[in-house]
Every structure is written in C-alpha cells, then in structure tokens.
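Down below is the structure, laid out as structure tokens.
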Amino acid sequence: MIIRGITKRDFDTITAVLDRWWGGPAGERAHPVFFYELGEHALIAEEAGTLVGFLLGFITNGTPRTGYVHLVGIHPDHRRRSVGKLLYGHFAERARAAGAERIKAITTVGNDGSVRFHEALGFRVSEDASYAGEGRARIVFTRAL
C-alpha cells in the first residue's frame, strides 16, 4: 500500500465515491477547501493504483499547534485492513514535522465505530455538550504527538 499526497484527480474521485462508500449523502463533507487551500497535508492510500482510502486534514497555527483530521474514508472492500491506521500514522508524522504538538478529530455522539477506532489508536476521548453550538454535542479525540 502506498500513502501519498492528494492530487486534483484524487479529490474528484473522492467526491464521486463518497456517497457510495458511506452509504448515503456525504459528498459535501469533502469540501474543495481541503484540496485547494488545505491540501498540503491531505493523504491518499492506494493499492495497485486504486484509491482505497483518504484523509483530509490540516495543521492549525494556534497554540498548541494541532494536526486536525476532518474526514477519513476507506473503501468498503478495504476496511479493517489498517488503511485508516496507516493514514493516521503518516498524518501524525507530517503534523509533528510541521511543529504540531497534538492531533485532533471529532465525531457525532453515537458513532461508536469511530470511538473504538480512535481509542485503539491511543486517543483521549471526551464528549463536549456544546462543541458544535448549543445543544450540538460532539465526541472530541485528542492525542499528543
């Protein structure tokens, strides 16, 4: 498996397959800003020249500097094969090299698969009742680098 930076062709493929990979409307979550403005840290996982996963993330300039993972997608036929773990590992290395002290991600309350995945990668898990606005709780994942 090859992990590499994103290209415009990859981004177009992601937006074309995301609804199918996630089993419903999700394509809008792969916002173009993650290619055009923040694509420097976005990653693609390929196997035999085929897209099998992606990670859209960026490095913040705040304190502490943070590698933020916005969206990860794994081809349904390649789940539970360490694609996500490899993507997160490469992203963490890039974030550390860019001066980040931690990595962070969020999910909605009730997304137990995401919670288990992040716990397995050593993330601290907490629920913030108003993270996304009043009455809009999110699960927040953080891990020191």
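Numbering starts fresh at 1 for the residues of each chain in the structure tokens, the chains themselves are lettered A, B, ... in the order given, and ligands are numbered from 1 as they appear.
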Quick one: contact table of range 30-124 of chain A to range 11-16 of chain A, 9 Å max, nearest atom pair and distance in Å to one decimal per residue, counting only C-alpha atoms, chain and number order, as JSON lines?
{"residue": "A:Ala30", "atom": "CA", "partner": "A:Thr15", "partner_atom": "CA", "distance": 6.4}
{"residue": "A:His31", "atom": "CA", "partner": "A:Thr15", "partner_atom": "CA", "distance": 8.7}
{"residue": "A:Pro32", "atom": "CA", "partner": "A:Phe11", "partner_atom": "CA", "distance": 8.1}
{"residue": "A:Phe34", "atom": "CA", "partner": "A:Phe11", "partner_atom": "CA", "distance": 8.8}
{"residue": "A:Phe35", "atom": "CA", "partner": "A:Phe11", "partner_atom": "CA", "distance": 6.8}
{"residue": "A:Leu51", "atom": "CA", "partner": "A:Thr13", "partner_atom": "CA", "distance": 8.2}
{"residue": "A:Gly53", "atom": "CA", "partner": "A:Ile14", "partner_atom": "CA", "distance": 8.8}
{"residue": "A:Phe54", "atom": "CA", "partner": "A:Ile14", "partner_atom": "CA", "distance": 8.0}
{"residue": "A:Gly73", "atom": "CA", "partner": "A:Ile14", "partner_atom": "CA", "distance": 8.5}
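With only C-alpha atoms as the atoms that count, the minimum distance from Ala92 in chain A to the choices A:Ile44, A:Ala105, A:Leu145, A:Val115 is reached by A:Leu145.
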Notebook entry, point to check: Counting only C-alpha atoms, what is within 9 Å of range 130-142 of chain A, bar same-chain residues fewer than 6 positions away, as a ChimeraX atom specification?
Noted result: /A:102-111,115,118-119,122-124
Next item on the list: Would you mind writing down, as a VMD selection string, each residue of chain A that DSSP on the backbone assigns to strand (DSSP E)?
Entry: chain A and resid 2 to 5 43 to 47 50 to 59 66 to 74 102 to 108 124 to 128 138 to 144
Next item on the list: Write out as a count of residues only all residues of chain A that DSSP puts in helix (DSSP H, G or I) for this structure's backbone.
Entry: 52
